[in-house]
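run.txt, holding compact mmCIF, C-alpha atoms:
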# COMPACT_ATOMS: atom_id res chain seq x y z
CA MET A 623 0.00 0.00 0.00
CA ARG A 624 1.30 3.47 -0.87
CA PRO A 625 1.75 5.78 2.14
CA PHE A 626 -1.06 8.30 2.48
CA ALA A 627 1.11 11.41 2.05
CA LEU A 628 2.57 10.19 -1.24
CA SER A 629 -0.86 10.50 -2.83
CA TYR A 630 -0.18 14.24 -2.79
CA ALA A 631 3.34 14.16 -4.27
CA ARG A 632 3.90 15.59 -7.70
CA PRO A 633 6.78 15.53 -10.19
CA ALA A 634 9.66 17.84 -9.35
CA VAL A 635 10.36 20.69 -11.73
CA LYS A 636 13.80 20.39 -13.27
CA PRO A 637 16.11 23.27 -12.39
CA ALA A 638 17.43 25.57 -15.10
CA ALA A 639 20.10 23.77 -17.05
CA ALA A 640 23.32 25.74 -17.16
CA THR A 641 24.87 27.63 -14.28
CA PRO A 642 26.58 30.80 -15.57
CA TYR A 643 29.27 30.67 -12.91
CA THR A 644 32.20 28.51 -11.90
CA TYR A 645 33.90 27.90 -8.61
CA ASP A 646 37.16 29.76 -8.06
CA ALA A 647 39.18 27.74 -5.55
CA THR A 648 41.55 30.63 -4.94
CA ARG A 649 38.83 33.09 -3.95
CA GLN A 650 36.69 30.29 -2.50
CA LEU A 651 33.57 31.58 -4.17
CA ASN A 652 31.84 31.40 -7.53
CA VAL A 653 32.67 33.80 -10.32
CA LEU A 654 31.04 34.92 -13.53
CA PRO A 655 32.77 34.52 -16.90
CA ASP A 656 34.05 38.13 -16.58
CA GLY A 657 35.67 37.35 -13.22
CA ARG A 658 33.20 39.17 -11.00
CA ALA A 659 31.80 37.38 -7.98
CA ALA A 660 28.57 35.62 -8.91
CA THR A 661 26.86 37.17 -5.90
CA SER A 662 27.47 40.63 -7.39
CA SER A 663 24.76 39.89 -9.95
CA ARG A 664 21.25 40.00 -8.56
CA ALA A 665 20.00 38.60 -11.86
CA VAL A 666 22.21 35.53 -11.50
CA LEU A 667 21.14 35.02 -7.90
CA LEU A 668 17.51 35.13 -8.89
CA ALA A 669 17.90 33.09 -12.08
CA THR A 670 19.89 30.22 -10.68
CA GLY A 671 17.52 29.57 -7.84
CA THR A 672 20.34 28.50 -5.53
CA THR A 673 19.17 31.00 -2.99
CA ALA A 674 15.50 30.07 -3.28
CA SER A 675 13.46 28.63 -0.47
CA THR A 676 13.29 25.23 -2.19
CA ALA A 677 16.96 25.13 -3.16
CA GLY A 678 17.82 22.50 -0.63
CA SER A 679 14.87 20.26 -1.19
CA LYS A 680 16.57 17.67 -3.34
CA THR A 681 19.53 16.95 -1.16
CA HIS A 682 18.86 18.40 2.25
CA PHE A 683 16.26 18.38 4.96
CA ASP A 684 16.05 22.12 5.29
CA ASP A 685 14.64 24.77 2.96
CA MET B 1020 42.08 32.11 13.59
CA THR B 1021 40.19 30.57 10.71
CA VAL B 1022 36.54 30.00 9.81
CA LEU B 1023 35.78 26.60 8.30
CA VAL B 1024 32.90 26.57 5.81
CA LEU B 1025 31.47 23.15 4.98
CA THR B 1026 29.42 23.34 1.80
CA CYS B 1027 29.26 22.37 -1.85
CA GLU B 1028 31.02 24.48 -4.44
CA GLU B 1029 27.91 25.69 -6.26
CA ASP B 1030 26.39 27.15 -3.10
CA LEU B 1031 25.87 30.83 -3.93
CA THR B 1032 24.26 31.47 -0.57
CA ALA B 1033 27.53 30.48 1.07
CA ASP B 1034 29.27 32.90 -1.31
CA MET B 1035 27.24 35.73 0.22
CA VAL B 1036 28.84 35.02 3.59
CA VAL B 1037 32.28 34.19 2.24
CA ALA B 1038 32.36 37.61 0.56
CA LYS B 1039 31.53 39.27 3.89
CA LEU B 1040 34.27 37.30 5.66
CA HIS B 1041 36.69 38.50 2.98
CA ASP B 1042 35.54 42.06 3.68
CA LEU B 1043 36.20 41.54 7.39
CA GLY B 1044 39.66 40.17 6.63
CA VAL B 1045 38.86 36.88 8.37
CA PRO B 1046 40.79 33.84 7.09
CA LEU B 1047 38.59 30.99 5.95
CA VAL B 1048 38.81 27.54 4.45
CA ARG B 1049 35.90 26.27 2.39
CA LEU B 1050 35.57 22.63 1.56
CA ASP B 1051 33.00 20.00 0.72
CA PRO B 1052 33.16 16.83 2.87
CA ALA B 1053 32.09 14.91 -0.24
CA ASP B 1054 35.67 15.43 -1.44
CA LEU B 1055 37.11 13.44 1.48
CA PRO B 1056 39.12 11.42 0.53
CA GLY B 1057 40.57 12.96 -2.62
CA ARG B 1058 40.63 16.73 -2.82
CA VAL B 1059 40.27 16.95 0.96
CA ASP B 1060 42.71 15.30 3.34
CA LEU B 1061 42.95 15.22 7.10
CA SER B 1062 45.19 14.02 9.85
CA ALA B 1063 45.06 14.08 13.65
CA ASP B 1064 47.11 12.53 16.38
CA TYR B 1065 46.27 11.95 19.99
CA GLY B 1066 49.66 11.66 21.70
CA SER B 1067 51.20 12.58 25.01
CA ASN B 1068 50.97 16.24 24.06
CA GLY B 1069 47.26 16.05 23.50
CA PHE B 1070 45.27 16.41 20.31
CA HIS B 1071 46.72 17.93 17.14
CA GLY B 1072 45.38 17.82 13.65
CA PHE B 1073 44.93 19.58 10.35
CA LEU B 1074 42.81 19.69 7.24
CA LYS B 1075 44.03 20.23 3.70
CA THR B 1076 42.10 21.20 0.61
CA ASN B 1077 43.58 22.36 -2.66
CA GLU B 1078 46.61 24.40 -1.56
CA ARG B 1079 45.17 25.37 1.82
CA MET B 1080 46.03 23.73 5.09
CA VAL B 1081 44.52 24.64 8.43
CA SER B 1082 45.39 23.47 11.91
CA LEU B 1083 42.40 22.28 13.89
CA SER B 1084 43.63 24.30 16.85
CA SER B 1085 43.33 27.47 14.81
CA LEU B 1086 39.64 27.07 13.96
CA ARG B 1087 37.48 29.79 15.42
CA SER B 1088 34.18 28.51 14.00
CA VAL B 1089 32.62 25.93 11.71
CA TRP B 1090 29.68 26.80 9.46
CA VAL B 1091 27.74 23.74 8.32
CA ARG B 1092 25.92 25.10 5.28
CA ARG B 1093 25.21 22.57 2.53
CA PRO B 1094 27.94 19.94 2.95
CA GLY B 1095 28.01 16.88 0.74
CA THR B 1096 28.13 13.45 2.31
CA PRO B 1097 31.72 12.43 3.12
CA GLY B 1098 33.26 9.95 0.73
CA THR B 1099 30.70 10.32 -2.04
CA ARG B 1100 33.18 11.61 -4.61
CA ALA B 1101 35.80 8.99 -3.84
CA GLU B 1102 37.01 6.75 -6.63
CA GLU B 1103 35.59 3.72 -4.89
CA GLN B 1104 32.49 4.81 -2.98
CA SER B 1105 30.89 2.66 -0.34
CA THR B 1106 28.70 3.11 2.69
CA TRP B 1107 31.60 1.88 4.77
CA LEU B 1108 33.92 4.55 3.36
CA THR B 1109 31.29 7.22 3.98
CA ALA B 1110 30.99 6.12 7.61
CA GLU B 1111 34.75 6.13 8.03
CA ALA B 1112 35.17 9.57 6.45
CA GLU B 1113 32.24 11.04 8.36
CA GLN B 1114 33.44 9.73 11.70
CA ALA B 1115 36.98 10.96 11.07
CA LEU B 1116 36.01 14.45 9.90
CA TYR B 1117 33.24 15.32 12.30
CA GLY B 1118 34.88 13.46 15.18
CA MET B 1119 38.00 15.57 14.77
CA LEU B 1120 36.13 18.81 14.29
CA THR B 1121 33.97 18.31 17.36
CA SER B 1122 37.19 17.85 19.35
CA THR B 1123 38.17 21.47 18.71
CA ARG B 1124 37.29 24.66 20.55
CA ALA B 1125 35.53 26.01 17.47
CA ARG B 1126 32.03 27.46 17.72
CA TRP B 1127 29.47 25.75 15.51
CA MET B 1128 26.67 27.00 13.34
CA ASN B 1129 25.14 24.51 13.94
CA HIS B 1130 26.74 21.78 16.03
CA PRO B 1131 26.01 18.39 14.38
CA ALA B 1132 24.42 16.99 17.52
CA ALA B 1133 22.09 19.97 17.88
CA ALA B 1134 21.36 20.00 14.16
CA GLY B 1135 20.51 16.31 14.09
CA GLN B 1136 18.08 16.64 16.96
CA ALA B 1137 16.56 19.85 15.61
CA ARG B 1138 15.68 18.19 12.30
CA TYR B 1139 13.03 16.05 13.99
CA LYS B 1140 9.79 17.86 13.20
CA PRO B 1141 7.85 16.15 15.99
CA TRP B 1142 10.48 17.39 18.44
CA GLN B 1143 10.27 20.86 16.90
CA LEU B 1144 6.56 20.94 17.70
CA HIS B 1145 7.24 19.81 21.26
CA ILE B 1146 9.92 22.45 21.86
CA ALA B 1147 7.75 25.08 20.17
CA GLN B 1148 4.93 24.36 22.61
CA GLN B 1149 7.34 24.48 25.54
CA SER B 1150 8.70 27.78 24.25
CA GLY B 1151 5.29 29.42 24.18
CA PHE B 1152 4.63 29.50 20.45
CA VAL B 1153 1.10 29.11 19.12
CA VAL B 1154 1.16 25.70 17.43
CA PRO B 1155 -1.59 24.32 15.15
CA ALA B 1156 -3.23 21.09 16.30
CA THR B 1157 -1.11 18.31 14.83
CA LEU B 1158 -1.35 14.55 14.60
CA ILE B 1159 1.33 12.07 13.61
CA THR B 1160 -0.09 8.58 13.35
CA SER B 1161 -0.13 5.30 11.53
CA PHE B 1162 -3.64 4.49 12.75
CA PRO B 1163 -6.28 5.27 10.08
CA ALA B 1164 -9.04 5.45 12.69
CA VAL B 1165 -7.13 8.09 14.66
CA ALA B 1166 -6.59 10.08 11.47
CA ARG B 1167 -10.31 9.92 10.69
CA GLN B 1168 -11.17 11.17 14.18
CA PHE B 1169 -8.68 14.05 13.87
CA ALA B 1170 -10.18 14.99 10.50
CA ALA B 1171 -13.68 14.90 11.92
CA THR B 1172 -12.62 17.19 14.74
CA TYR B 1173 -10.67 19.81 12.76
CA GLN B 1174 -12.23 19.46 9.30
CA ASP B 1175 -9.82 21.83 7.54
CA LEU B 1176 -6.52 19.93 7.30
CA VAL B 1177 -3.16 19.76 5.60
CA VAL B 1178 -0.83 16.82 5.16
CA LYS B 1179 2.93 17.27 5.13
CA SER B 1180 6.07 15.20 5.26
CA VAL B 1181 7.22 14.19 8.73
CA SER B 1182 10.88 14.26 7.70
CA GLY B 1183 10.75 17.30 5.44
CA LYS B 1184 12.23 15.15 2.71
CA HIS B 1185 10.78 14.90 -0.76
CA PRO B 1186 10.38 11.46 -2.31
CA GLY B 1187 12.91 10.52 -4.99
CA ASP B 1188 13.26 8.09 -7.86
CA PRO B 1189 11.60 9.55 -9.79
CA PRO B 1190 12.18 13.02 -8.30
CA MET B 1191 8.97 14.22 -6.68
CA VAL B 1192 8.02 17.06 -4.39
CA LEU B 1193 5.59 16.83 -1.53
CA PRO B 1194 4.28 20.31 -0.78
CA THR B 1195 2.19 20.85 2.31
CA THR B 1196 -1.22 20.04 0.84
CA ARG B 1197 -4.78 20.72 1.92
CA ILE B 1198 -6.88 17.58 2.14
CA SER B 1199 -10.54 16.78 2.49
CA PRO B 1200 -11.76 15.57 5.91
CA ASP B 1201 -13.59 12.90 3.94
CA ALA B 1202 -10.38 11.54 2.39
CA ASP B 1203 -9.75 7.80 2.49
CA PHE B 1204 -7.30 7.50 5.40
CA SER B 1205 -6.72 3.75 5.09
CA ALA B 1206 -3.26 4.37 3.55
CA VAL B 1207 -2.18 6.02 6.81
CA ALA B 1208 -1.41 2.46 7.89
CA ALA B 1209 1.34 2.34 5.25
CA GLY B 1210 3.49 4.97 6.96
CA PRO B 1211 3.46 7.54 9.77
CA THR B 1212 1.44 10.49 8.52
CA LEU B 1213 1.50 14.10 9.70
CA LEU B 1214 -1.86 15.86 9.63
CA GLN B 1215 -2.22 19.42 10.83
CA GLN B 1216 -5.00 21.90 11.35
CA HIS B 1217 -4.94 24.28 8.37
CA VAL B 1218 -4.25 27.87 9.39
CA ARG B 1219 -6.05 30.27 7.05
CA LYS B 1220 -3.29 32.80 6.70
CA GLN B 1221 -3.04 36.32 5.45
CA ALA B 1222 0.74 36.15 5.25
CA ASP B 1223 3.75 33.88 5.50
CA ILE B 1224 6.46 34.82 7.97
CA ARG B 1225 10.08 33.71 7.70
CA LEU B 1226 12.06 34.63 10.77
CA THR B 1227 15.79 34.03 10.54
CA CYS B 1228 17.65 33.89 13.83
CA VAL B 1229 21.42 34.37 13.78
CA GLY B 1230 22.84 34.20 17.27
CA GLY B 1231 20.61 36.66 19.07
CA ASN B 1232 19.76 38.69 15.95
CA LEU B 1233 16.30 38.29 14.47
CA PHE B 1234 15.36 39.08 10.89
CA ALA B 1235 11.66 38.70 10.18
CA ALA B 1236 10.17 38.91 6.72
CA ARG B 1237 6.53 38.83 5.69
CA LYS B 1238 4.87 37.91 2.40
CA GLU B 1239 1.17 38.38 1.83
CA ALA B 1240 -0.66 35.20 0.96
CA ASP B 1241 -3.95 34.05 -0.41
CA PRO B 1242 -5.90 32.51 2.51
CA ASP B 1243 -6.36 29.38 0.42
CA GLU B 1244 -2.68 29.11 -0.40
CA VAL B 1245 -0.92 26.47 1.65
CA ASP B 1246 2.76 26.10 0.72
CA SER B 1247 4.30 29.36 -0.46
CA ARG B 1248 7.55 27.61 -1.43
CA PHE B 1249 5.78 26.40 -4.52
CA THR B 1250 4.16 29.66 -5.57
CA GLU B 1251 5.87 32.54 -7.30
CA HIS B 1252 3.79 35.58 -6.47
CA GLY B 1253 4.52 38.23 -3.87
CA ALA B 1254 7.69 39.62 -2.38
CA TRP B 1255 9.12 39.38 1.10
CA LYS B 1256 9.15 42.58 3.14
CA PRO B 1257 10.77 43.28 6.51
CA ALA B 1258 8.47 42.73 9.47
CA GLU B 1259 8.50 43.65 13.14
CA VAL B 1260 8.78 40.74 15.57
CA PRO B 1261 6.08 40.72 18.28
CA ASP B 1262 7.54 40.69 21.79
CA LEU B 1263 5.93 37.36 22.66
CA VAL B 1264 7.41 35.74 19.56
CA ARG B 1265 10.80 37.25 20.31
CA ARG B 1266 10.74 35.69 23.76
CA SER B 1267 9.66 32.30 22.39
CA VAL B 1268 12.39 32.35 19.76
CA SER B 1269 14.96 32.98 22.46
CA LEU B 1270 13.65 30.05 24.52
CA TYR B 1271 13.54 27.79 21.46
CA MET B 1272 17.11 28.60 20.44
CA THR B 1273 18.35 28.01 23.98
CA ARG B 1274 16.56 24.69 24.32
CA THR B 1275 17.73 23.43 20.95
CA GLN B 1276 21.29 24.78 21.32
CA LEU B 1277 21.09 26.20 17.82
CA ALA B 1278 23.11 29.20 16.67
CA TYR B 1279 21.04 29.54 13.50
CA GLY B 1280 17.43 28.80 12.79
CA ALA B 1281 14.91 29.72 10.11
CA PHE B 1282 11.40 29.78 11.53
CA ASP B 1283 8.27 29.51 9.40
CA PHE B 1284 5.00 30.96 10.67
CA ALA B 1285 1.55 31.45 9.22
CA GLU B 1286 0.02 34.80 10.16
CA ASP B 1287 -3.74 34.57 10.53
CA ARG B 1288 -6.30 37.34 10.11
CA ASP B 1289 -5.92 38.31 13.76
CA GLY B 1290 -2.21 38.83 13.27
CA THR B 1291 -1.25 35.74 15.30
CA TRP B 1292 1.92 33.97 14.19
CA TRP B 1293 1.36 30.20 14.15
CA PHE B 1294 4.52 28.13 14.44
CA LEU B 1295 4.96 25.73 11.53
CA GLU B 1296 8.59 24.67 11.76
CA CYS B 1297 12.15 25.74 12.39
CA ASN B 1298 14.71 24.71 9.80
CA GLN B 1299 18.12 24.58 11.42
CA GLY B 1300 19.78 25.02 8.02
CA GLY B 1301 17.05 27.01 6.30
CA GLN B 1302 17.79 29.17 3.30
CA PHE B 1303 18.11 32.91 3.80
CA GLY B 1304 19.30 34.16 0.40
CA PHE B 1305 15.80 34.64 -0.97
CA VAL B 1306 14.85 36.78 2.04
CA GLN B 1307 17.94 38.93 1.87
CA LEU B 1308 17.46 39.49 -1.87
CA ASP B 1309 13.93 40.79 -1.32
CA THR B 1310 14.37 42.69 1.93
CA ASP B 1311 18.02 43.78 1.96
CA GLN B 1312 18.18 42.56 5.55
CA PRO B 1313 21.86 42.00 6.42
CA ILE B 1314 21.58 38.28 7.22
CA ALA B 1315 24.82 37.27 5.49
CA GLU B 1316 26.61 40.04 7.40
CA ALA B 1317 25.20 38.76 10.69
CA ILE B 1318 26.32 35.20 9.93
CA ALA B 1319 29.79 36.39 8.97
CA ALA B 1320 30.04 38.46 12.14
CA TRP B 1321 28.97 35.48 14.26
CA LEU B 1322 31.50 33.20 12.57
CA ALA B 1323 34.23 35.79 13.02
CA GLU B 1324 33.92 35.85 16.81
CA GLU B 1325 36.65 34.27 18.90
CA PRO B 1326 36.40 30.56 19.76
CA LEU B 1327 35.37 29.10 23.09
CA ASP B 1328 37.88 29.05 25.96

Rewrite the coordinates I just gave you, this time as structure tokens.
Amino acid sequence: MRPFALSYARPAVKPAAATPYTYDATRQLNVLPDGRAATSSRAVLLATGTTASTAGSKTHFDD
Amino acid sequence: MTVLVLTCEEDLTADMVVAKLHDLGVPLVRLDPADLPGRVDLSADYGSNGFHGFLKTNERMVSLSSLRSVWVRRPGTPGTRAEEQSTWLTAEAEQALYGMLTSTRARWMNHPAAAGQARYKPWQLHIAQQSGFVVPATLITSFPAVARQFAATYQDLVVKSVSGKHPGDPPMVLPTTRISPDADFSAVAAGPTLLQQHVRKQADIRLTCVGGNLFAARKEADPDEVDSRFTEHGAWKPAEVPDLVRRSVSLYMTRTQLAYGAFDFAEDRDGTWWFLECNQGGQFGFVQLDTDQPIAEAIAAWLAEEPLD
């Protein structure tokens, strides 16, 4: 028998494909192709969804 | 003295704090435990001169005695990027890393023991009641008859995950969902089920607690909306924290031994904040982006404080 709560589960929406930033091990943070810190771009922060309230849902307990 | 940040590389929320630590001139080492062994190495000895150890990642090496704080953000599971993964290797790597780190004087946000306990949602509800929060009537049961009785009593209900986890394979999400009191509850026997009285809300509240600093944000909601994480409308705005809630948050944080917590409340039409949960590792980036509240700064400042004596 399927647990009751799972009757209300729905398919997860796939995250946006490409991340426009890469990790810079020297600076210990992510950078844009032009070298600026990824966090300097509000558009990137909003677009990537890594700061969203559901960002941890796939791999972590906490949102 | 160094701050140790445990998180995955793609974590932009961690970047927000790392940038602030750079601004403060505080040394830090960032690593992902998933890279142990491989890109992360460790060593510790327990000899006649006591405990000494170090961590190494990329070209950085840090002595465990020089750690002022550890920030557990979004760490991967130890050993999961090893050439030959196994559950045994993960256990070995996890025990070695966290066992060594908890031997230090470093302050934790959050300590693994406190974090592990604080993840239990049933315990959250218990501590919330003890702390004076207003908590919706809640039932966790595997008895269908008890579920039916609860539904008959409260009528307007939601179901949510007990663990907070979403089912995988295939990837699914399980939003908090409103259910009919006439639902067929027989499948409650197939697994513990969390049913809760539905709070008809006029707003969602996210209160982020960093040390003793509180940052509350409010987003207006449709009274019929249940889980705002899965809706896109509305923006978060700064909110004042009622004195009673402030006192309860302080009690909750003391009882749970958490340095960081992200509280979710539903604000009803009377303005009462109903406790829903406290995520010990809850996201804060989305709140800071909307409200400009200096949460990352507060975390950086907390991490930059001197270690315990």

Rounded to one decimal in Å, what is the spacing between CA of Asp1054 in chain B and CA of Thr1076 in chain B?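 Distance reported for this atom pair: 8.9 Å.
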
Go ahead and fit an axis-aligned box to every listed atom of range 1153-1158 of chain B plus 3 Å each side, and pass me the centre and edge lengths in Å, one decimal, as lines of an AutoDock Vina configuration file.
center_x = -1.0
center_y = 21.8
center_z = 16.9
size_x = 10.4
size_y = 20.6
size_z = 10.5

Quick one: residues within 7 Å of range 1046-1051 of chain B, only C-alpha atoms, excluding same-chain residues fewer than 2 positions away - as a PyMOL selection string? (chain A and resi 650) or (chain B and resi 1020-1027+1044+1053-1054+1076+1094-1095)

Report the distance between CA of Pro655 in chain A and CA of Tyr643 in chain A in Å, rounded to one decimal place. 6.6 Å

Would you work out the distance separating CA of Arg1219 in chain B from CA of Arg1237 in chain B, expressed in Å to one decimal?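 Interatomic distance, CA of Arg1219 in chain B to CA of Arg1237 in chain B: 15.3 Å.
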
Shell of 8 Å around Tyr645 in chain A, only C-alpha atoms, local chain residues under 6 positions omitted, as a list in words: Leu651, Asn652 and Val653 of chain A; Glu1028 and Glu1029 of chain B

Just want the 12 Å neighbourhood of Ser629 in chain A, counted on all atoms listed in the file, with same-chain residues fewer than 6 positions away dropped. Output as an MDAnalysis selection string. (chainID A and resid 623) or (chainID B and resid 1178:1180 1186 1191:1198 1202:1207 1209 1212)

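Distances from B:Ser1122, B:Thr1160, B:Gln1136, B:Ser1085 to Pro625 in chain A were compared using only C-alpha atoms, and the smallest one belongs to B:Thr1160.
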
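Counting only C-alpha atoms and comparing B:Ser1082, B:Gln1149, B:Asn1077, B:Thr1032, the residue that lies closest to Phe1305 in chain B is B:Thr1032.
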
Please identify all polymer residues within 8 Å of Thr1096 in chain B, counting all atoms listed in the file, omitting same-chain residues fewer than 5 positions from it, and present them as a ChimeraX atom specification. /B:1052-1053,1109,1113

List the neighbours of Ala1208 in chain B out to 7 Å using only C-alpha atoms; skip same-chain residues closer than 4 positions along the sequence, and give me the result as a compact mmCIF listing (two decimals) with C-alpha atoms, in the frame of the given file.
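Output file out_30.txt is given in full below:
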# COMPACT_ATOMS: atom_id res chain seq x y z
CA SER B 1161 -0.13 5.30 11.53
CA PHE B 1162 -3.64 4.49 12.75
CA PRO B 1163 -6.28 5.27 10.08

Nearest to Ala631 in chain A, chosen from B:His1071, B:Val1177, B:Gly1066, B:Pro1190, with all atoms listed in the file counted in the distances: B:Pro1190

With all atoms listed in the file as the basis for distance, which of A:Ala669, A:Ala659, A:Ala634, A:Leu654 is at the shortest distance from chain B? A:Ala634

Take the point (45.0, 16.8, 11.2) as written in the file and pick out every residue within 7 Å of it, counting only C-alpha atoms; give the list as an NGL selection string. :B and (1061-1063 or 1071-1074 or 1082-1083)

From the set B:His1130, B:Arg1288, B:His1217, B:Lys1184, which residue has the shortest atom-to-atom contact distance to chain A, counting only C-alpha atoms? B:Lys1184

Between A:Thr670, A:Pro642, A:Val635, A:Phe626, smallest distance to Asp656 in chain A by only C-alpha atoms belongs to A:Pro642
